[in-house]
file input_24.tsv (TSV, C-alpha atoms)
chain	number	residue	atom	x	y	z
A	7	ALA	CA	81.34	72.42	93.22
A	8	TRP	CA	78.35	74.38	94.41
A	9	VAL	CA	79.08	77.79	92.97
A	10	ARG	CA	76.54	80.49	93.67
A	11	TRP	CA	75.61	82.64	90.74
A	12	GLU	CA	73.40	85.66	90.23
A	13	GLY	CA	70.48	84.80	88.01
A	14	ILE	CA	69.79	81.16	88.92
A	15	GLY	CA	70.75	80.98	92.59
A	16	ILE	CA	73.14	78.07	93.19
A	17	ILE	CA	74.47	75.60	90.66
A	18	GLY	CA	72.93	72.27	91.54
A	19	ASP	CA	69.94	73.93	93.23
A	20	MET	CA	68.34	76.00	90.49
A	21	THR	CA	65.34	76.99	92.56
A	22	THR	CA	66.28	80.42	93.90
A	23	GLN	CA	65.58	83.11	91.33
A	24	ALA	CA	67.91	86.10	91.82
A	25	ALA	CA	68.54	89.11	89.59
A	26	LYS	CA	67.69	88.26	85.99
A	27	GLU	CA	70.59	88.26	83.57
A	28	VAL	CA	70.40	90.13	80.28
A	29	PRO	CA	71.25	88.22	77.07
A	30	TRP	CA	74.34	89.97	75.74
A	31	VAL	CA	77.41	89.06	73.66
A	32	ASP	CA	80.37	91.33	73.09
A	33	ALA	CA	80.05	90.99	69.32
A	34	TRP	CA	77.37	93.66	69.70
A	35	VAL	CA	80.11	96.15	70.58
A	36	ARG	CA	81.79	95.44	67.25
A	37	TRP	CA	78.49	95.65	65.40
A	38	GLU	CA	77.83	99.06	66.94
A	39	ARG	CA	81.32	100.24	65.98
A	40	ASN	CA	80.81	99.23	62.34
A	41	ASN	CA	77.18	100.31	62.00
A	42	ASP	CA	77.14	103.41	59.80
A	43	ASP	CA	73.64	104.55	60.76
A	44	GLY	CA	74.37	104.35	64.47
A	45	ASP	CA	71.49	101.92	65.08
A	46	THR	CA	72.31	99.86	68.16
A	47	ASP	CA	69.01	97.97	68.39
A	48	HIS	CA	69.68	94.31	69.18
A	49	ASP	CA	66.10	93.10	68.86
A	50	ASP	CA	66.87	91.22	65.66
A	51	CYS	CA	69.77	89.28	67.18
A	52	ASN	CA	67.65	86.20	67.78
A	53	ASP	CA	70.57	83.80	67.61
A	54	VAL	CA	71.67	84.74	71.14
A	55	GLU	CA	68.34	85.51	72.78
A	56	GLU	CA	67.99	82.00	74.25
A	57	ASP	CA	70.16	82.38	77.32
A	58	ASP	CA	69.51	78.80	78.45
A	59	GLU	CA	71.06	77.35	75.29
A	60	GLU	CA	74.14	75.32	76.15
A	61	LEU	CA	77.58	76.06	74.74
A	62	PRO	CA	79.20	73.34	72.64
A	63	PRO	CA	82.01	71.49	74.43
A	64	ALA	CA	85.16	73.57	74.86
A	65	THR	CA	87.93	72.76	72.41
A	66	GLU	CA	90.97	74.12	74.26
A	67	SER	CA	92.40	73.13	77.66
A	68	TYR	CA	94.96	75.07	79.69
A	69	THR	CA	96.88	74.21	82.85
A	70	PHE	CA	98.66	76.86	84.93
A	71	THR	CA	100.79	76.27	88.02
A	72	TYR	CA	101.68	79.04	90.47
A	73	PRO	CA	103.55	79.03	93.78
A	74	ASN	CA	101.45	79.58	96.88
A	75	PRO	CA	103.45	81.47	99.51
A	76	SER	CA	101.09	80.38	102.29
A	77	ALA	CA	101.01	76.66	101.50
A	78	ASP	CA	103.37	73.79	100.76
A	79	SER	CA	101.61	72.85	97.53
A	80	ASP	CA	101.35	74.90	94.34
A	81	ILE	CA	98.16	76.40	92.94
A	82	VAL	CA	97.06	74.52	89.82
A	83	LEU	CA	94.34	75.98	87.58
A	84	GLU	CA	92.60	73.88	84.92
A	85	LEU	CA	90.73	76.03	82.41
A	86	LYS	CA	88.79	75.31	79.25
A	87	GLY	CA	87.93	77.63	76.39
A	88	PHE	CA	87.76	77.85	72.61
A	89	HIS	CA	90.18	78.23	69.72
A	90	GLU	CA	90.66	81.74	68.39
A	91	ASP	CA	89.24	80.75	64.97
A	92	SER	CA	86.03	79.30	66.37
A	93	GLU	CA	82.56	80.75	65.88
A	94	GLN	CA	82.25	81.09	69.65
A	95	ILE	CA	85.18	83.53	69.78
A	96	TRP	CA	83.67	85.64	67.02
A	97	ASN	CA	80.61	86.17	69.20
A	98	SER	CA	82.26	86.18	72.63
A	99	THR	CA	85.94	87.11	72.83
A	100	GLY	CA	86.03	86.18	76.52
A	101	LEU	CA	85.95	82.49	75.58
A	102	LYS	CA	89.58	82.72	74.45
A	103	LEU	CA	92.64	83.05	76.70
A	104	TRP	CA	94.36	86.42	76.06
A	105	ARG	CA	98.02	87.30	76.62
A	106	SER	CA	97.76	90.05	79.23
A	107	SER	CA	96.36	87.67	81.84
A	108	HIS	CA	99.85	86.18	82.24
A	109	TYR	CA	101.28	89.49	83.44
A	110	LEU	CA	98.47	90.17	85.87
A	111	CYS	CA	98.76	86.66	87.32
A	112	GLN	CA	102.50	87.00	87.81
A	113	HIS	CA	101.96	90.30	89.57
A	114	LEU	CA	99.35	88.76	91.88
A	115	VAL	CA	101.79	86.03	92.93
A	116	ASN	CA	104.83	88.27	93.25
A	117	GLU	CA	103.35	91.47	94.69
A	118	GLU	CA	99.79	90.98	95.96
A	119	ALA	CA	99.90	87.63	97.78
A	120	GLU	CA	100.73	89.24	101.14
A	121	LEU	CA	97.73	91.55	100.86
A	122	LEU	CA	95.41	88.75	99.78
A	123	GLN	CA	96.55	86.48	102.61
A	124	ASP	CA	96.44	89.10	105.37
A	125	GLU	CA	93.83	87.70	107.77
A	126	ASN	CA	93.72	91.03	109.61
A	127	ASN	CA	91.69	92.25	106.64
A	128	THR	CA	88.84	89.90	107.47
A	129	ASN	CA	86.38	91.52	105.07
A	130	LEU	CA	88.63	91.53	102.01
A	131	ARG	CA	86.59	91.67	98.81
A	132	VAL	CA	88.06	91.07	95.35
A	133	LEU	CA	86.27	91.70	92.05
A	134	GLU	CA	87.38	90.67	88.57
A	135	VAL	CA	85.76	92.54	85.69
A	136	GLY	CA	85.70	91.01	82.23
A	137	SER	CA	86.75	87.68	83.73
A	138	GLY	CA	86.59	85.67	80.52
A	139	LEU	CA	87.81	82.17	81.39
A	140	GLY	CA	88.61	83.28	84.95
A	141	ARG	CA	92.37	82.83	85.07
A	142	CYS	CA	93.19	85.93	87.13
A	143	GLY	CA	90.14	85.83	89.37
A	144	LEU	CA	90.59	82.17	90.20
A	145	LEU	CA	94.24	82.77	91.04
A	146	ALA	CA	93.32	85.69	93.31
A	147	HIS	CA	90.76	83.48	95.04
A	148	SER	CA	93.33	80.71	95.52
A	149	LEU	CA	95.84	83.16	96.98
A	150	SER	CA	93.34	84.79	99.36
A	151	HIS	CA	92.69	83.89	102.98
A	152	ASP	CA	89.68	81.75	103.83
A	153	ASN	CA	87.37	84.62	104.78
A	154	ALA	CA	87.99	86.72	101.69
A	155	THR	CA	85.25	87.07	99.09
A	156	THR	CA	85.96	86.87	95.36
A	157	VAL	CA	83.47	87.82	92.66
A	158	LEU	CA	84.16	86.97	89.02
A	159	THR	CA	82.09	88.89	86.48
A	160	ASP	CA	81.52	89.21	82.78
A	161	GLY	CA	78.82	90.87	80.73
A	162	ASP	CA	78.74	88.23	78.00
A	163	THR	CA	76.21	85.50	78.74
A	164	ASP	CA	78.01	82.84	76.69
A	165	THR	CA	81.29	83.62	78.42
A	166	LEU	CA	79.57	83.35	81.80
A	167	LYS	CA	78.53	79.79	81.01
A	168	GLN	CA	82.13	78.69	80.42
A	169	LEU	CA	83.39	80.81	83.32
A	170	ARG	CA	81.04	79.04	85.72
A	171	GLN	CA	82.24	75.67	84.49
A	172	ASN	CA	85.85	76.72	85.08
A	173	VAL	CA	85.05	78.00	88.57
A	174	SER	CA	83.27	74.76	89.41
A	175	THR	CA	86.28	72.75	88.21
A	176	ASN	CA	88.77	74.77	90.28
A	177	THR	CA	86.92	75.21	93.59
A	178	SER	CA	85.90	72.90	96.38
A	179	ALA	CA	82.35	71.74	96.97
A	180	GLY	CA	80.65	74.08	99.40
A	181	ASP	CA	82.97	77.02	98.75
A	182	ASP	CA	80.65	80.00	99.10
A	183	THR	CA	83.43	82.61	99.08
A	184	ILE	CA	83.54	82.79	95.28
A	185	THR	CA	80.68	83.77	92.99
A	186	CYS	CA	80.10	84.36	89.27
A	187	LYS	CA	77.82	87.22	88.26
A	188	GLN	CA	76.87	89.18	85.20
A	189	LEU	CA	78.12	92.74	85.31
A	190	LEU	CA	77.58	95.10	82.39
A	191	TRP	CA	79.71	98.25	82.50
A	192	GLY	CA	78.58	101.78	83.19
A	193	GLU	CA	77.70	103.82	86.26
A	194	GLN	CA	74.03	102.85	86.31
A	195	HIS	CA	74.78	99.16	85.79
A	196	ALA	CA	77.23	99.29	88.69
A	197	LYS	CA	74.71	101.05	90.92
A	198	ASP	CA	72.09	98.46	90.01
A	199	TYR	CA	74.56	95.74	90.92
A	200	LEU	CA	75.16	97.31	94.34
A	201	SER	CA	71.44	97.63	94.97
A	202	GLN	CA	71.03	93.87	94.45
A	203	GLN	CA	73.62	92.92	97.06
A	204	PRO	CA	72.65	91.84	100.59
A	205	ASN	CA	73.16	94.20	103.50
A	206	GLY	CA	76.71	94.78	104.61
A	207	LYS	CA	79.93	95.53	102.81
A	208	LYS	CA	79.28	95.91	99.10
A	209	HIS	CA	82.31	97.65	97.59
A	210	PHE	CA	85.62	96.03	96.71
A	211	ASP	CA	89.14	96.48	98.07
A	212	LEU	CA	90.77	95.12	94.92
A	213	ILE	CA	89.43	95.11	91.36
A	214	LEU	CA	91.22	93.16	88.63
A	215	GLY	CA	91.02	92.98	84.87
A	216	SER	CA	93.09	92.03	81.83
A	217	ASP	CA	92.59	92.53	78.08
A	218	LEU	CA	89.48	94.57	78.75
A	219	ILE	CA	89.62	97.34	76.16
A	220	TYR	CA	89.83	97.17	72.39
A	221	VAL	CA	87.07	99.58	71.31
A	222	GLN	CA	86.70	103.17	72.44
A	223	SER	CA	83.06	102.87	73.46
A	224	VAL	CA	83.84	100.70	76.51
A	225	ILE	CA	86.55	102.90	78.06
A	226	GLN	CA	84.37	105.35	79.96
A	227	PRO	CA	81.83	102.72	81.09
A	228	LEU	CA	84.68	100.60	82.47
A	229	PHE	CA	86.08	103.38	84.62
A	230	GLU	CA	82.60	104.45	85.71
A	231	THR	CA	82.10	100.90	86.91
A	232	VAL	CA	85.39	100.82	88.79
A	233	ARG	CA	84.73	104.23	90.35
A	234	THR	CA	81.31	103.08	91.55
A	235	LEU	CA	82.42	99.71	92.95
A	236	LEU	CA	85.89	100.41	94.37
A	237	CYS	CA	86.27	101.12	98.09
A	238	THR	CA	87.37	104.61	99.06
A	239	HIS	CA	90.17	103.69	101.46
A	240	GLU	CA	93.76	104.49	100.53
A	241	ASN	CA	94.78	100.89	99.79
A	242	ALA	CA	91.93	100.18	97.37
A	243	LYS	CA	93.10	99.82	93.78
A	244	PHE	CA	92.23	98.61	90.30
A	245	LEU	CA	94.87	96.45	88.62
A	246	MET	CA	94.54	96.33	84.84
A	247	ALA	CA	96.74	94.60	82.28
A	248	HIS	CA	96.33	96.13	78.82
A	249	CYS	CA	97.61	95.00	75.42
A	250	SER	CA	97.97	97.89	72.99
A	251	ARG	CA	98.36	95.64	69.95
A	252	ARG	CA	95.53	93.21	70.60
A	253	GLU	CA	93.92	92.06	67.33
A	254	GLY	CA	91.20	94.49	66.32
A	255	ASN	CA	92.28	97.08	68.86
A	256	GLU	CA	91.33	100.64	67.96
A	257	VAL	CA	92.33	102.15	71.30
A	258	GLU	CA	95.38	104.28	72.02
A	259	LEU	CA	96.79	103.91	75.53
A	260	SER	CA	96.46	107.64	76.04
A	261	MET	CA	92.68	107.30	75.64
A	262	VAL	CA	92.57	104.81	78.51
A	263	LEU	CA	94.69	106.91	80.84
A	264	ASP	CA	92.80	110.12	80.02
A	265	ALA	CA	89.50	108.40	80.81
A	266	ALA	CA	90.89	107.13	84.11
A	267	LYS	CA	91.95	110.65	85.11
A	268	LYS	CA	88.54	112.00	84.11
A	269	GLU	CA	86.91	109.52	86.49
A	270	GLY	CA	89.15	110.65	89.36
A	271	PHE	CA	91.96	108.08	89.26
A	272	GLU	CA	95.71	108.43	89.38
A	273	TYR	CA	97.82	105.63	88.00
A	274	GLU	CA	101.16	103.91	88.22
A	275	GLU	CA	102.64	101.71	85.50
A	276	LEU	CA	103.90	98.58	87.23
A	277	ILE	CA	105.00	96.56	84.20
A	278	GLU	CA	105.85	97.47	80.62
A	279	ASP	CA	106.82	94.65	78.28
A	280	ASP	CA	106.62	95.41	74.57
A	281	ASP	CA	102.91	95.97	73.86
A	282	ILE	CA	101.61	94.97	77.30
A	283	SER	CA	101.36	97.25	80.33
A	284	LEU	CA	100.11	96.63	83.85
A	285	PHE	CA	98.67	99.61	85.71
A	286	ALA	CA	97.51	100.25	89.26
A	287	PHE	CA	94.72	102.85	89.43
A	288	ARG	CA	93.84	104.51	92.73
A	289	ARG	CA	91.38	107.22	93.63
A	290	LYS	CA	92.92	110.67	93.83
A	291	GLY	CA	93.02	111.81	97.45
A	292	ALA	CA	91.64	108.51	98.79
A	293	GLU	CA	91.18	108.48	102.55
A	294	THR	CA	91.49	105.66	105.02
A	295	GLU	CA	88.13	104.16	105.93
A	296	THR	CA	87.10	104.11	109.58
call {"tool": "encode", "arguments": {"input": "input_24.tsv", "output": "structure tokens"}}
result
Amino acid sequence: AWVRWEGIGIIGDMTTQAAKEVPWVDAWVRWERNNDDGDTDHDDCNDVEEDDEELPPATESYTFTYPNPSADSDIVLELKGFHEDSEQIWNSTGLKLWRSSHYLCQHLVNEEAELLQDENNTNLRVLEVGSGLGRCGLLAHSLSHDNATTVLTDGDTDTLKQLRQNVSTNTSAGDDTITCKQLLWGEQHAKDYLSQQPNGKKHFDLILGSDLIYVQSVIQPLFETVRTLLCTHENAKFLMAHCSRREGNEVELSMVLDAAKKEGFEYEELIEDDDISLFAFRRKGAETET
């Protein structure tokens, strides 16, 4: 598939230089958390500075089948990633499939398919943050009508390499309605992202994410990003599946919800199953766009 990406134009035609991606792996978040002197300089992290270095072949394969309410055939996703004990996961946790994605995918099929397939919303734009292997974003794309735009993002450059392979595997040649882009979190990063987009509609009607938060330092930047990129109309929302007992998690759920309220969101808990919750966040006092 010819999947456009920010950084090197279009896969298969690597001649159009777009916004330069920043070498980054999410292990740096853990290093910052455990660094007693507070030094967050990554200049000595030479093992990940070569962004053009290829990943080793993926070791894990996953197949997911979902009903498609608008078609006779099911949606089948074929994803590849890495085992949880691999060196790649230590550096880039997005290269593993995490549990919360199941709940978000089931919600998309059961509750959001009508919205995604509504052709009256001709300019529908969907964003996945922290896409990892792309399970939820690819499903949203498959459920959406033909004119909808889906953008899958991750900050981790190694994860983006595998994500792009998974998108290429699960999309048709010539499909220019789905893109993979690097998106680091924080208000300024989100504003920079918007400034790089072509003229026209830039914000998103629906933002998705699962298993996004396991250290405190990313909570505020995440909600700053969502606040900056989410449309202001009353139906715009951020769907987030969160696991409170994810391995290495230092985050209390109350911290997440307090940060959301601080950034101007109200929330509704849609699913609660043991340690996993699915929330819908909406802007407080959102108004219908004209």
call {"tool": "residues_around", "arguments": {"input": "input_24.tsv", "residues": "Ala265 of chain A", "least_positions_apart": "4", "cutoff": "10 Å", "atoms": "only C-alpha atoms", "output": "PyMOL selection string"}}
result
chain A and resi 225-230+260-261+269-271
call {"tool": "residues_around", "arguments": {"input": "input_24.tsv", "residues": "segment 172-189 of chain A", "least_positions_apart": "4", "cutoff": "10 Å", "atoms": "all atoms listed in the file", "output": "PyMOL selection string"}}
result
chain A and resi 7-13+16-17+25-30+81-87+131-137+139-141+143-145+147-148+152-163+165-168+195-196+198-199+231
call {"tool": "atom_distance", "arguments": {"input": "input_24.tsv", "atom1": "atom CA of Trp96 of chain A", "atom2": "atom CA of Asp281 of chain A"}}
result
22.9 Å
call {"tool": "atom_distance", "arguments": {"input": "input_24.tsv", "atom1": "atom CA of Asp80 of chain A", "atom2": "atom CA of Asn129 of chain A"}}
result
24.8 Å
call {"tool": "residues_around", "arguments": {"input": "input_24.tsv", "residues": "Leu236 of chain A", "least_positions_apart": "6", "cutoff": "10 Å", "atoms": "only C-alpha atoms", "output": "VMD selection string"}}
result
chain A and resid 131 to 133 208 to 213 242 to 244 288 to 289
call {"tool": "closest_residue", "arguments": {"input": "input_24.tsv", "among": "A:Pro63, A:Pro73, A:Gly215, A:Gly192", "to": "Ala286 of chain A", "atoms": "only C-alpha atoms"}}
result
A:Gly215
call {"tool": "axis_aligned_box", "arguments": {"input": "input_24.tsv", "around": "segment 203-218 of chain A", "padding_each_side": "6 Å", "output": "JSON"}}
result
{"center_x": 82.9, "center_y": 94.7, "center_z": 91.3, "size_x": 32.4, "size_y": 17.8, "size_z": 38.5}
call {"tool": "atom_distance", "arguments": {"input": "input_24.tsv", "atom1": "atom CA of Asn74 of chain A", "atom2": "atom CA of Leu214 of chain A"}}
result
18.9 Å
call {"tool": "residues_around", "arguments": {"input": "input_24.tsv", "residues": "Glu90 of chain A", "least_positions_apart": "2", "cutoff": "10 Å", "atoms": "only C-alpha atoms", "output": "ChimeraX atom specification"}}
result
/A:66,87-88,92-96,99,101-104
call {"tool": "residues_around", "arguments": {"input": "input_24.tsv", "residues": "Pro75 of chain A", "least_positions_apart": "4", "cutoff": "12 Å", "atoms": "all atoms listed in the file", "output": "PyMOL selection string"}}
result
chain A and resi 79-81+114-124+148-151
call {"tool": "closest_residue", "arguments": {"input": "input_24.tsv", "among": "A:Glu272, A:Glu278, A:Glu59, A:Asp217", "to": "Asp164 of chain A", "atoms": "only C-alpha atoms"}}
result
A:Glu59
